[in-house]
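Next comes my_file-v1.txt, a file with compact mmCIF, C-alpha atoms.
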# COMPACT_ATOMS: atom_id res chain seq x y z
CA MET A 7 -38.29 -35.31 -62.35
CA ILE A 8 -38.58 -32.24 -64.60
CA THR A 9 -39.18 -29.09 -62.54
CA GLY A 10 -40.74 -25.83 -63.68
CA GLU A 11 -37.35 -24.13 -63.90
CA ARG A 12 -35.85 -23.44 -67.33
CA LEU A 13 -33.50 -26.16 -68.53
CA ASP A 14 -30.03 -25.34 -69.81
CA ARG A 15 -28.93 -26.41 -73.28
CA GLY A 16 -27.25 -29.58 -72.11
CA GLU A 17 -30.34 -30.71 -70.23
CA VAL A 18 -32.57 -29.99 -73.23
CA LEU A 19 -30.38 -32.02 -75.60
CA ASP A 20 -30.11 -34.84 -73.04
CA LEU A 21 -33.91 -35.10 -72.93
CA TYR A 22 -34.03 -34.94 -76.74
CA GLY A 23 -31.61 -37.84 -76.89
CA ARG A 24 -33.51 -39.94 -74.35
CA HIS A 25 -37.13 -39.13 -75.19
CA VAL A 26 -37.50 -37.20 -78.47
CA ASN A 27 -35.00 -38.42 -81.07
CA ALA A 28 -31.40 -39.49 -80.56
CA GLY A 29 -30.44 -38.55 -84.12
CA LEU A 30 -31.76 -35.02 -83.69
CA ALA A 31 -29.81 -34.69 -80.45
CA ARG A 32 -26.58 -35.76 -82.20
CA LEU A 33 -27.23 -33.34 -85.06
CA ALA A 34 -27.86 -30.44 -82.67
CA THR A 35 -24.61 -31.22 -80.87
CA LEU A 36 -22.66 -31.45 -84.14
CA MET A 37 -24.08 -28.13 -85.40
CA ALA A 38 -23.80 -26.40 -82.01
CA ALA A 39 -27.45 -25.55 -82.64
CA PRO A 40 -28.92 -23.06 -80.18
CA VAL A 41 -31.97 -23.65 -78.01
CA VAL A 42 -34.64 -21.11 -78.92
CA VAL A 43 -36.69 -19.45 -76.18
CA ARG A 44 -38.46 -16.58 -77.93
CA ALA A 45 -39.14 -15.12 -81.39
CA GLU A 46 -40.47 -11.80 -82.68
CA GLY A 47 -40.70 -10.46 -86.20
CA ASP A 48 -37.63 -11.52 -88.17
CA HIS A 49 -35.62 -12.50 -85.12
CA ILE A 50 -35.17 -15.56 -82.93
CA TYR A 51 -33.72 -15.37 -79.41
CA THR A 52 -31.75 -18.17 -77.77
CA ASP A 53 -31.21 -19.31 -74.21
CA ASP A 54 -27.71 -17.81 -74.19
CA GLY A 55 -28.91 -14.37 -75.30
CA GLN A 56 -28.19 -14.48 -79.04
CA GLU A 57 -30.41 -12.67 -81.52
CA LEU A 58 -30.62 -14.68 -84.75
CA LEU A 59 -31.94 -13.43 -88.09
CA ASN A 60 -34.52 -15.87 -89.41
CA CYS A 61 -34.25 -16.72 -93.11
CA GLY A 62 -35.46 -20.26 -92.48
CA GLY A 63 -38.64 -21.83 -91.22
CA PHE A 64 -39.58 -23.66 -94.45
CA SER A 65 -41.76 -20.75 -95.68
CA VAL A 66 -43.90 -20.72 -92.53
CA PHE A 67 -42.96 -17.22 -91.35
CA LEU A 68 -44.03 -15.13 -94.32
CA LEU A 69 -45.47 -12.59 -91.85
CA GLY A 70 -42.57 -13.08 -89.45
CA HIS A 71 -42.90 -14.41 -85.92
CA GLY A 72 -45.80 -13.29 -83.74
CA TYR A 73 -47.55 -11.05 -86.26
CA PRO A 74 -49.71 -9.06 -83.78
CA PRO A 75 -53.14 -9.12 -85.51
CA VAL A 76 -53.01 -12.91 -85.90
CA VAL A 77 -51.71 -13.45 -82.35
CA ASP A 78 -54.39 -11.18 -80.93
CA ALA A 79 -57.17 -12.90 -82.88
CA VAL A 80 -56.03 -16.37 -81.82
CA SER A 81 -55.69 -15.20 -78.19
CA ARG A 82 -59.27 -13.88 -78.18
CA GLN A 83 -60.51 -17.13 -79.73
CA LEU A 84 -58.59 -19.19 -77.18
CA ARG A 85 -60.51 -17.54 -74.36
CA ASN A 86 -63.83 -17.97 -76.13
CA LEU A 87 -63.86 -21.34 -77.97
CA ALA A 88 -60.57 -23.13 -78.56
CA LEU A 89 -61.59 -26.58 -79.81
CA THR A 90 -64.83 -28.30 -80.72
CA GLY A 91 -65.96 -31.91 -80.79
CA PRO A 92 -67.31 -33.86 -83.76
CA MET A 93 -70.40 -32.51 -85.51
CA VAL A 94 -70.20 -29.12 -83.84
CA TYR A 95 -70.62 -26.19 -86.23
CA HIS A 96 -68.88 -22.89 -85.58
CA GLU A 97 -68.73 -19.51 -87.25
CA GLU A 98 -64.98 -19.26 -87.64
CA LEU A 99 -64.73 -22.34 -89.87
CA ALA A 100 -67.37 -20.95 -92.22
CA ARG A 101 -65.71 -17.54 -92.32
CA ALA A 102 -62.21 -18.96 -92.85
CA ALA A 103 -63.34 -21.20 -95.71
CA ALA A 104 -65.17 -18.36 -97.44
CA THR A 105 -62.20 -16.03 -96.99
CA LEU A 106 -59.68 -18.51 -98.40
CA ALA A 107 -61.89 -19.57 -101.32
CA GLY A 108 -62.47 -15.89 -102.08
CA VAL A 109 -58.79 -15.30 -102.86
CA CYS A 110 -58.12 -18.53 -104.78
CA PRO A 111 -58.31 -18.80 -108.58
CA ALA A 112 -61.89 -18.68 -109.85
CA GLY A 113 -63.67 -22.02 -109.71
CA LEU A 114 -61.97 -23.28 -106.54
CA GLU A 115 -64.87 -23.04 -104.09
CA TYR A 116 -64.74 -25.82 -101.49
CA VAL A 117 -62.21 -25.79 -98.65
CA TYR A 118 -61.17 -28.68 -96.43
CA PHE A 119 -58.89 -27.66 -93.56
CA THR A 120 -56.18 -29.99 -92.28
CA ASN A 121 -53.47 -29.75 -89.64
CA SER A 122 -50.53 -29.75 -92.05
CA GLY A 123 -49.49 -29.67 -95.68
CA ALA A 124 -48.90 -33.42 -95.72
CA GLU A 125 -52.47 -34.00 -94.54
CA ALA A 126 -53.67 -31.69 -97.30
CA CYS A 127 -51.81 -33.85 -99.81
CA GLU A 128 -53.38 -37.00 -98.36
CA THR A 129 -56.83 -35.45 -98.73
CA ALA A 130 -56.16 -34.43 -102.33
CA LEU A 131 -54.94 -37.91 -103.27
CA LYS A 132 -58.05 -39.44 -101.72
CA LEU A 133 -60.23 -37.00 -103.65
CA ALA A 134 -58.45 -38.03 -106.84
CA ARG A 135 -59.21 -41.69 -106.09
CA MET A 136 -62.85 -40.85 -105.33
CA ASN A 137 -62.98 -39.23 -108.76
CA GLY A 138 -61.72 -42.39 -110.45
CA LYS A 139 -58.07 -41.34 -110.86
CA ARG A 140 -56.08 -44.47 -109.97
CA HIS A 141 -52.78 -43.45 -111.59
CA THR A 142 -50.59 -40.55 -110.45
CA VAL A 143 -47.88 -38.61 -112.22
CA ALA A 144 -45.46 -36.75 -109.92
CA THR A 145 -42.14 -35.02 -110.47
CA GLU A 146 -38.57 -35.94 -109.65
CA GLY A 147 -37.40 -33.80 -106.74
CA GLY A 148 -40.96 -32.92 -105.75
CA PHE A 149 -41.91 -32.85 -102.09
CA HIS A 150 -45.43 -33.27 -100.75
CA GLY A 151 -44.90 -34.69 -97.25
CA LYS A 152 -43.76 -37.86 -95.51
CA THR A 153 -47.03 -39.51 -94.50
CA LEU A 154 -47.63 -42.69 -96.51
CA GLY A 155 -49.74 -41.25 -99.33
CA ALA A 156 -47.78 -38.02 -99.57
CA LEU A 157 -44.53 -39.97 -99.50
CA SER A 158 -45.67 -42.05 -102.48
CA VAL A 159 -45.60 -38.88 -104.64
CA THR A 160 -42.47 -37.34 -103.08
CA GLY A 161 -39.60 -37.50 -105.54
CA ARG A 162 -36.71 -38.73 -103.42
CA THR A 163 -35.91 -42.44 -103.31
CA ALA A 164 -34.05 -42.19 -99.99
CA PHE A 165 -37.28 -41.16 -98.26
CA ARG A 166 -39.50 -43.66 -100.06
CA ALA A 167 -37.37 -46.81 -100.02
CA PRO A 168 -37.58 -47.63 -96.27
CA CYS A 169 -41.39 -47.51 -96.44
CA GLU A 170 -42.08 -49.41 -99.63
CA PRO A 171 -44.37 -50.75 -100.95
CA LEU A 172 -46.21 -47.45 -101.15
CA PRO A 173 -49.61 -46.62 -102.66
CA GLY A 174 -49.47 -46.47 -106.43
CA PRO A 175 -49.04 -46.69 -109.28
CA VAL A 176 -46.99 -43.48 -109.44
CA ASP A 177 -44.82 -42.39 -112.37
CA PHE A 178 -42.08 -39.82 -111.74
CA VAL A 179 -41.07 -37.49 -114.58
CA PRO A 180 -38.39 -34.76 -114.76
CA TYR A 181 -39.58 -31.48 -113.29
CA GLY A 182 -40.07 -28.82 -115.94
CA ASP A 183 -40.55 -31.31 -118.80
CA ALA A 184 -44.18 -30.91 -119.87
CA ASP A 185 -43.77 -33.33 -122.79
CA ALA A 186 -42.53 -36.16 -120.57
CA LEU A 187 -45.43 -35.54 -118.19
CA GLY A 188 -48.02 -35.41 -120.97
CA GLU A 189 -46.86 -38.74 -122.37
CA ARG A 190 -47.79 -40.49 -119.11
CA LEU A 191 -51.33 -39.12 -118.86
CA THR A 192 -54.61 -40.93 -119.43
CA GLY A 193 -58.14 -40.22 -118.31
CA ASP A 194 -57.39 -42.28 -115.18
CA SER A 195 -54.49 -40.03 -114.11
CA CYS A 196 -53.97 -37.24 -111.67
CA VAL A 197 -50.93 -34.94 -111.67
CA ILE A 198 -49.37 -33.45 -108.55
CA LEU A 199 -46.60 -30.86 -108.74
CA GLU A 200 -45.27 -27.64 -107.24
CA PRO A 201 -45.19 -24.37 -109.22
CA VAL A 202 -41.70 -23.86 -107.78
CA GLN A 203 -40.01 -26.81 -106.11
CA GLY A 204 -39.03 -25.96 -102.53
CA GLU A 205 -37.39 -29.06 -101.09
CA GLY A 206 -36.27 -29.92 -104.61
CA GLY A 207 -33.75 -27.08 -104.46
CA VAL A 208 -35.87 -24.01 -105.29
CA ARG A 209 -36.35 -25.17 -108.87
CA VAL A 210 -38.14 -22.63 -111.06
CA PRO A 211 -39.68 -24.29 -114.13
CA PRO A 212 -39.23 -22.91 -117.65
CA PRO A 213 -41.78 -20.33 -118.82
CA GLY A 214 -45.03 -21.87 -120.00
CA TYR A 215 -44.50 -25.16 -118.14
CA LEU A 216 -47.57 -24.92 -115.88
CA ARG A 217 -49.79 -23.80 -118.74
CA ARG A 218 -48.67 -26.73 -120.88
CA VAL A 219 -49.28 -29.17 -118.03
CA GLU A 220 -52.76 -27.74 -117.52
CA ARG A 221 -53.54 -28.12 -121.23
CA ALA A 222 -52.32 -31.73 -121.20
CA CYS A 223 -54.59 -32.48 -118.24
CA ARG A 224 -57.60 -30.91 -119.92
CA ARG A 225 -56.87 -32.74 -123.17
CA THR A 226 -56.68 -36.17 -121.51
CA GLY A 227 -59.18 -35.68 -118.69
CA ALA A 228 -56.48 -35.99 -116.03
CA LEU A 229 -56.95 -34.18 -112.71
CA LEU A 230 -54.44 -31.44 -111.79
CA ILE A 231 -53.32 -30.94 -108.18
CA VAL A 232 -50.97 -27.99 -107.58
CA ASP A 233 -49.11 -27.98 -104.27
CA GLU A 234 -48.69 -24.37 -103.10
CA VAL A 235 -47.89 -25.29 -99.50
CA GLN A 236 -44.55 -23.46 -99.73
CA THR A 237 -45.29 -20.97 -102.50
CA GLY A 238 -48.80 -19.78 -101.65
CA LEU A 239 -50.12 -16.54 -100.12
CA GLY A 240 -47.54 -14.28 -101.74
CA ARG A 241 -44.21 -16.05 -101.18
CA THR A 242 -43.24 -15.85 -104.89
CA GLY A 243 -44.43 -12.33 -105.71
CA ARG A 244 -47.94 -13.48 -106.62
CA LEU A 245 -50.75 -14.38 -104.25
CA TRP A 246 -50.54 -17.87 -105.81
CA ALA A 247 -47.61 -18.92 -107.97
CA VAL A 248 -50.01 -20.40 -110.56
CA GLU A 249 -51.16 -16.85 -111.32
CA GLU A 250 -47.87 -16.29 -113.15
CA GLU A 251 -49.29 -18.28 -116.06
CA GLY A 252 -53.02 -17.94 -115.43
CA VAL A 253 -53.42 -21.61 -114.43
CA THR A 254 -56.39 -22.88 -112.42
CA PRO A 255 -55.87 -26.38 -111.02
CA ASP A 256 -58.64 -28.76 -110.01
CA VAL A 257 -57.19 -28.85 -106.51
CA LEU A 258 -54.92 -26.32 -104.77
CA LEU A 259 -52.97 -27.24 -101.63
CA CYS A 260 -51.82 -24.65 -99.12
CA GLY A 261 -50.25 -24.60 -95.67
CA LYS A 262 -47.04 -23.31 -94.04
CA ALA A 263 -47.76 -19.55 -94.02
CA LEU A 264 -51.53 -20.15 -93.91
CA GLY A 265 -51.51 -20.05 -90.10
CA GLY A 266 -49.67 -16.74 -89.99
CA GLY A 267 -46.70 -18.29 -88.22
CA VAL A 268 -48.97 -18.80 -85.21
CA MET A 269 -51.06 -21.93 -85.82
CA PRO A 270 -50.33 -25.15 -87.73
CA VAL A 271 -52.89 -25.50 -90.53
CA GLY A 272 -53.18 -26.71 -94.10
CA ALA A 273 -55.99 -26.66 -96.62
CA VAL A 274 -57.32 -28.27 -99.76
CA VAL A 275 -59.28 -25.97 -102.07
CA ALA A 276 -61.16 -27.77 -104.84
CA THR A 277 -63.68 -27.26 -107.59
CA PRO A 278 -67.27 -28.35 -106.86
CA GLU A 279 -66.87 -31.20 -109.37
CA VAL A 280 -63.83 -32.67 -107.66
CA PHE A 281 -65.20 -32.09 -104.15
CA ALA A 282 -68.55 -33.71 -105.01
CA PRO A 283 -67.78 -37.09 -103.33
CA LEU A 284 -67.24 -35.39 -99.96
CA ASN A 285 -70.30 -33.20 -100.45
CA ARG A 286 -72.33 -36.39 -100.95
CA ASP A 287 -70.77 -38.23 -98.01
CA PRO A 288 -68.84 -36.00 -95.57
CA VAL A 289 -67.72 -38.91 -93.38
CA LEU A 290 -65.53 -40.38 -96.14
CA HIS A 291 -62.72 -38.15 -94.93
CA THR A 292 -62.62 -36.46 -91.52
CA SER A 293 -60.08 -34.94 -89.13
CA THR A 294 -60.64 -34.39 -85.41
CA TYR A 295 -58.78 -31.08 -85.29
CA GLY A 296 -59.11 -30.01 -88.91
CA GLY A 297 -60.77 -26.59 -89.12
CA ASN A 298 -60.71 -26.06 -85.36
CA PRO A 299 -61.64 -22.55 -84.16
CA LEU A 300 -58.06 -21.51 -83.34
CA ALA A 301 -56.72 -22.54 -86.74
CA ALA A 302 -59.72 -21.10 -88.56
CA VAL A 303 -59.40 -17.67 -86.98
CA ALA A 304 -55.67 -17.71 -87.74
CA VAL A 305 -56.38 -18.46 -91.41
CA ARG A 306 -58.89 -15.66 -91.78
CA HIS A 307 -56.68 -13.02 -90.18
CA THR A 308 -53.62 -14.26 -92.09
CA VAL A 309 -55.36 -13.94 -95.45
CA GLU A 310 -56.62 -10.49 -94.48
CA ALA A 311 -53.08 -9.49 -93.46
CA VAL A 312 -51.60 -10.77 -96.73
CA LEU A 313 -54.01 -8.55 -98.66
CA ARG A 314 -53.78 -5.54 -96.33
CA GLU A 315 -49.98 -5.57 -96.23
CA ASP A 316 -49.68 -6.36 -99.96
CA VAL A 317 -47.43 -9.31 -99.23
CA PRO A 318 -47.18 -10.31 -102.93
CA GLY A 319 -46.00 -6.79 -103.78
CA ARG A 320 -43.48 -6.84 -100.97
CA THR A 321 -41.98 -10.18 -101.99
CA ALA A 322 -41.92 -9.16 -105.66
CA ALA A 323 -39.85 -6.12 -104.64
CA LEU A 324 -37.58 -8.32 -102.50
CA GLU A 325 -36.79 -10.65 -105.40
CA GLY A 326 -34.37 -8.32 -107.15
CA ARG A 327 -32.76 -7.26 -103.88
CA LEU A 328 -32.19 -10.85 -102.76
CA ARG A 329 -30.83 -11.95 -106.12
CA GLU A 330 -28.32 -9.10 -106.22
CA LEU A 331 -27.42 -9.46 -102.53
CA LEU A 332 -26.74 -13.20 -102.76
CA THR A 333 -24.87 -13.02 -106.06
CA THR A 334 -22.62 -10.19 -104.85
CA ALA A 335 -22.03 -11.47 -101.32
CA LEU A 336 -21.12 -14.98 -102.55
CA ALA A 337 -18.13 -13.67 -104.50
CA GLY A 338 -15.76 -15.05 -101.86
CA CYS A 339 -16.69 -18.62 -102.80
CA ALA A 340 -17.96 -18.09 -106.35
CA ALA A 341 -16.01 -21.10 -107.63
CA LEU A 342 -18.00 -23.35 -105.29
CA VAL A 343 -21.44 -22.01 -106.30
CA LYS A 344 -23.30 -23.54 -109.22
CA GLU A 345 -26.34 -21.24 -109.33
CA VAL A 346 -28.40 -18.66 -107.43
CA ARG A 347 -32.09 -18.92 -108.30
CA GLY A 348 -35.48 -18.06 -106.89
CA ARG A 349 -38.67 -16.13 -107.10
CA GLY A 350 -40.05 -13.54 -104.69
CA ALA A 351 -38.83 -14.30 -101.18
CA LEU A 352 -37.91 -17.91 -101.95
CA PHE A 353 -34.28 -18.34 -103.01
CA GLY A 354 -31.80 -21.16 -103.28
CA VAL A 355 -28.02 -21.21 -103.55
CA GLU A 356 -26.83 -24.42 -105.19
CA PHE A 357 -23.26 -25.50 -104.56
CA HIS A 358 -21.29 -27.95 -106.70
CA GLU A 359 -20.81 -30.17 -103.64
CA ARG A 360 -23.34 -30.97 -100.92
CA SER A 361 -20.57 -30.75 -98.30
CA HIS A 362 -20.07 -27.08 -99.21
CA ALA A 363 -23.78 -26.43 -98.66
CA GLY A 364 -23.56 -27.97 -95.19
CA GLU A 365 -20.51 -25.89 -94.30
CA PHE A 366 -22.23 -22.76 -95.58
CA VAL A 367 -25.27 -23.37 -93.32
CA LEU A 368 -22.97 -23.67 -90.30
CA GLU A 369 -21.00 -20.56 -91.24
CA LEU A 370 -24.23 -18.56 -91.50
CA LEU A 371 -25.44 -19.85 -88.14
CA GLU A 372 -22.14 -18.83 -86.58
CA ARG A 373 -22.85 -15.30 -87.89
CA GLY A 374 -26.37 -15.28 -86.49
CA VAL A 375 -28.44 -16.21 -89.58
CA VAL A 376 -30.77 -19.21 -89.72
CA VAL A 377 -31.44 -20.78 -93.14
CA CYS A 378 -32.89 -24.08 -94.38
CA PRO A 379 -31.26 -26.97 -96.18
CA THR A 380 -33.36 -28.62 -98.88
CA GLY A 381 -34.35 -32.21 -98.17
CA ASN A 382 -34.48 -33.39 -101.79
CA ALA A 383 -31.46 -31.42 -103.03
CA LEU A 384 -28.78 -31.44 -100.37
CA ALA A 385 -26.38 -29.23 -102.33
CA THR A 386 -28.82 -26.31 -102.14
CA VAL A 387 -29.28 -23.87 -99.25
CA ARG A 388 -32.68 -22.18 -99.08
CA PHE A 389 -33.49 -18.62 -97.98
CA THR A 390 -37.10 -17.86 -96.99
CA PRO A 391 -37.18 -14.43 -95.29
CA SER A 392 -40.42 -12.76 -94.29
CA ALA A 393 -42.15 -10.25 -96.53
CA PHE A 394 -41.14 -7.51 -94.07
CA PHE A 395 -37.38 -7.75 -94.48
CA GLY A 396 -36.13 -4.16 -94.36
CA GLU A 397 -32.80 -2.44 -94.91
CA ARG A 398 -31.47 -3.47 -91.50
CA GLU A 399 -32.27 -7.13 -92.09
CA LEU A 400 -30.95 -7.10 -95.65
CA GLY A 401 -27.73 -5.46 -94.50
CA ARG A 402 -27.23 -8.02 -91.77
CA LEU A 403 -27.95 -10.86 -94.20
CA ALA A 404 -25.47 -9.45 -96.75
CA ALA A 405 -22.72 -9.21 -94.14
CA ALA A 406 -23.36 -12.77 -92.93
CA VAL A 407 -23.39 -14.23 -96.45
CA GLU A 408 -20.23 -12.31 -97.39
CA GLY A 409 -18.41 -13.44 -94.25
CA SER A 410 -19.56 -17.04 -94.66
CA ALA A 411 -18.54 -17.08 -98.31
CA ALA A 412 -15.12 -15.69 -97.51
CA ALA A 413 -14.56 -18.30 -94.78
CA LEU A 414 -15.77 -21.16 -96.96
CA GLY A 415 -13.80 -20.01 -99.99
CA GLY A 416 -10.64 -19.47 -97.98
CA ARG A 417 -10.89 -22.90 -96.40
CA HIS A 418 -11.44 -24.52 -99.81
CA ARG A 419 -8.41 -22.72 -101.32
CA ALA A 420 -6.27 -23.78 -98.37
CA ARG A 421 -7.28 -27.40 -98.85
CA ARG A 422 -6.36 -27.25 -102.52
CA ARG A 423 -2.90 -25.88 -101.68
CA GLU A 424 -2.33 -28.81 -99.33
CA VAL A 425 -2.88 -31.30 -102.18
CA PRO A 426 0.31 -31.78 -104.26
CA ASP A 427 -0.01 -31.24 -108.01
CA PHE A 428 1.57 -34.46 -109.30
CA GLU A 429 1.30 -33.41 -112.94
CA GLU A 430 3.54 -30.38 -112.33
CA ALA A 431 5.89 -32.44 -110.17
If you took the structure in this file and wrote it as structure tokens, what would it be?
Amino acid sequence: MITGERLDRGEVLDLYGRHVNAGLARLATLMAAPVVVRAEGDHIYTDDGQELLNCGGFSVFLLGHGYPPVVDAVSRQLRNLALTGPMVYHEELARAAATLAGVCPAGLEYVYFTNSGAEACETALKLARMNGKRHTVATEGGFHGKTLGALSVTGRTAFRAPCEPLPGPVDFVPYGDADALGERLTGDSCVILEPVQGEGGVRVPPPGYLRRVERACRRTGALLIVDEVQTGLGRTGRLWAVEEEGVTPDVLLCGKALGGGVMPVGAVVATPEVFAPLNRDPVLHTSTYGGNPLAAVAVRHTVEAVLREDVPGRTAALEGRLRELLTTALAGCAALVKEVRGRGALFGVEFHERSHAGEFVLELLERGVVVCPTGNALATVRFTPSAFFGERELGRLAAAVEGSAAALGGRHRARRREVPDFEEA
């Protein structure tokens, strides 16, 4: 029997192995991963008293952990009206939808709240079908979730293959190649892509790519879905990454940071034309918890915080600092690094070998920094700090990256010395 007393790390991992996921338990043991008990701002605290610097979280913690105005608003709502049943109308849903639509590109007016980014993708794909778009064009390396519909447009075969056949037809084209994408389009198509690929290895497309894709969609009558689940709300130095090129999609997906790091929530924001099937018949697509009062109040206060704190301005200022910090601090293993790239507070370090990326993640964790691997590009390590990273946090990150690079580079050079050079012999 599980008592109310706090479990130690071994007990937690034992329960993971027996009742949650045996593979996750093995991975945690291999990585010596800590058990987290508390988080605040840019820091995570473990059961053994460590303070970890959070540069991970898959873009969720743009405002950091426990951003007080969002926590306070959700706490008040929890005491007043936490959840509602079907066909119950409440003020917070109306206010959250109006607030979110009010900061999206002009023309995106209708909001459908979901519980995750993957659910938002599912909703968007259904809307495309309801609008007569039976063919989808997606991008290699793209990531839109692992539910069945979202998985069908996620550009990694290793994820798709065990679940095939998947909904289709779907054509995958190289990310950043607007010509290849345009060649696949007809009036029966929809396009889904990210303005910067997150799980794809923090891939930034060439200038003009999004604008050219938009023009191709308008020319052929294809529907354009832009997935800003990881990039939205200021992560890339703009409120929405599509603003970089003045693009307005037919459907915009958001999530991750949308709940302020407090509540899980995603959203689909669509034009009235695309949303028309659900306006005519709302029961065609429903979600028991979608748009619940707790999530709705979190969305509204998160959007207000993003504007009040000028999160896009903060991440735009961080971009240069992070690029210089990572490039300089990685000098100790420069021969192993292929590229440092990113935008705003979303950066990736690509190694020549995926094994080096894995070692680098472990070295950083040993020095108290949490980062994210990238599921579709395993040679890339992703950094997603909050918009509030200050000098103290940047200094600590620089020291950890420098130390990890030195350890990784030294180990690699030692391995090379152990291998005899038969040509010289």
| Using all atoms listed in the file, can you list as number ranges by chain the residues within 10 Å of (-28.8, -31.9, -105.3)? | A: 147, 205-207, 356-360, 363, 380-386
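For the atom pair formed by CA of Arg419 in chain A and CA of Arg347 in chain A, the distance is 25.0 Å, given to one decimal.
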| field | Between CA of Gly138 in chain A and CA of Val109 in chain A, distance in Å (one decimal) | value | 28.3 Å
Within 12 Å of Glu170 in chain A, counting all atoms listed in the file, which residues show up once you throw out same-chain ones fewer than 4 positions away? Write them as a compact mmCIF listing (two decimals) with C-alpha atoms, in the coordinates of the input, please.
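Dumped everything to out_36.txt:
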# COMPACT_ATOMS: atom_id res chain seq x y z
CA LEU A 154 -47.63 -42.69 -96.51
CA GLY A 155 -49.74 -41.25 -99.33
CA LEU A 157 -44.53 -39.97 -99.50
CA SER A 158 -45.67 -42.05 -102.48
CA THR A 163 -35.91 -42.44 -103.31
CA ALA A 164 -34.05 -42.19 -99.99
CA PHE A 165 -37.28 -41.16 -98.26
CA ARG A 166 -39.50 -43.66 -100.06
CA GLY A 174 -49.47 -46.47 -106.43
| Pick from A:Ala228, A:Met136, A:Met269, A:Ala104, whichever lies nearest to Pro299 in chain A using all atoms listed in the file |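 Between A:Ala228, A:Met136, A:Met269, A:Ala104, the residue approaching Pro299 in chain A most closely is A:Met269.
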| request: Could you tell me which of A:Val210, A:Val376, A:Ile198, A:Ala420 comes closest to Pro40 in chain A if we count only C-alpha atoms? | output: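 Checking each of A:Val210, A:Val376, A:Ile198, A:Ala420 against Pro40 in chain A, counting only C-alpha atoms, the winner is A:Val376.
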| request: Write out as JSON, numbers by chain the residues lying within 7 Å of Arg388 in chain A, counting all atoms listed in the file and excluding same-chain residues fewer than 5 positions away. | output: {"A": [353, 354, 355, 377, 378, 379, 380]}
| said: Counting all atoms listed in the file, which residue out of A:Thr160, A:Thr321, A:Gln203, A:Asn137 sits closest to Ala124 in chain A? | reply: A:Thr160
| If you count only C-alpha atoms, which residues fall within 10 Å of Pro212 in chain A, apart from same-chain ones fewer than 5 positions away, as an NGL selection string? | :A and (181-184)
| message | Env of range 68-71 of chain A: 6 Å cut, atoms = all atoms listed in the file, seq-sep filter 2 positions within chain, self excluded. Answer as a list of chain:residue names. | response |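 My list of contacting residues is A:Ala45, A:Glu46, A:Gly47, A:Asp48, A:Val66, A:Tyr73, A:Ala263, A:Gly267, A:Ser392, A:Ala393.
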Just write the chosen residues, C-alpha atoms, as a PDB file, keeping the file's coordinate frame.
ATOM      1  CA  ALA A  45     -39.140 -15.120 -81.390  1.00  0.00           C
ATOM      2  CA  GLU A  46     -40.470 -11.800 -82.680  1.00  0.00           C
ATOM      3  CA  GLY A  47     -40.700 -10.460 -86.200  1.00  0.00           C
ATOM      4  CA  ASP A  48     -37.630 -11.520 -88.170  1.00  0.00           C
ATOM      5  CA  VAL A  66     -43.900 -20.720 -92.530  1.00  0.00           C
ATOM      6  CA  TYR A  73     -47.550 -11.050 -86.260  1.00  0.00           C
ATOM      7  CA  ALA A 263     -47.760 -19.550 -94.020  1.00  0.00           C
ATOM      8  CA  GLY A 267     -46.700 -18.290 -88.220  1.00  0.00           C
ATOM      9  CA  SER A 392     -40.420 -12.760 -94.290  1.00  0.00           C
ATOM     10  CA  ALA A 393     -42.150 -10.250 -96.530  1.00  0.00           C
TER      11      ALA A 393
END
| task | Would you mind reading off the distance between CA of Val275 in chain A and CA of Phe119 in chain A, one decimal, in Å? | result |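 Separation of CA of Val275 in chain A and CA of Phe119 in chain A: 8.7 Å.
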| said: Every residue with an atom at most 12 Å from (-25.9, -15.3, -103.6) (file coordinates; all atoms listed in the file) is what I'm after, so could you write them as a VMD selection string? | reply: chain A and resid 325 to 340 342 to 348 353 to 357 366 386 to 389 403 to 408 410 to 411
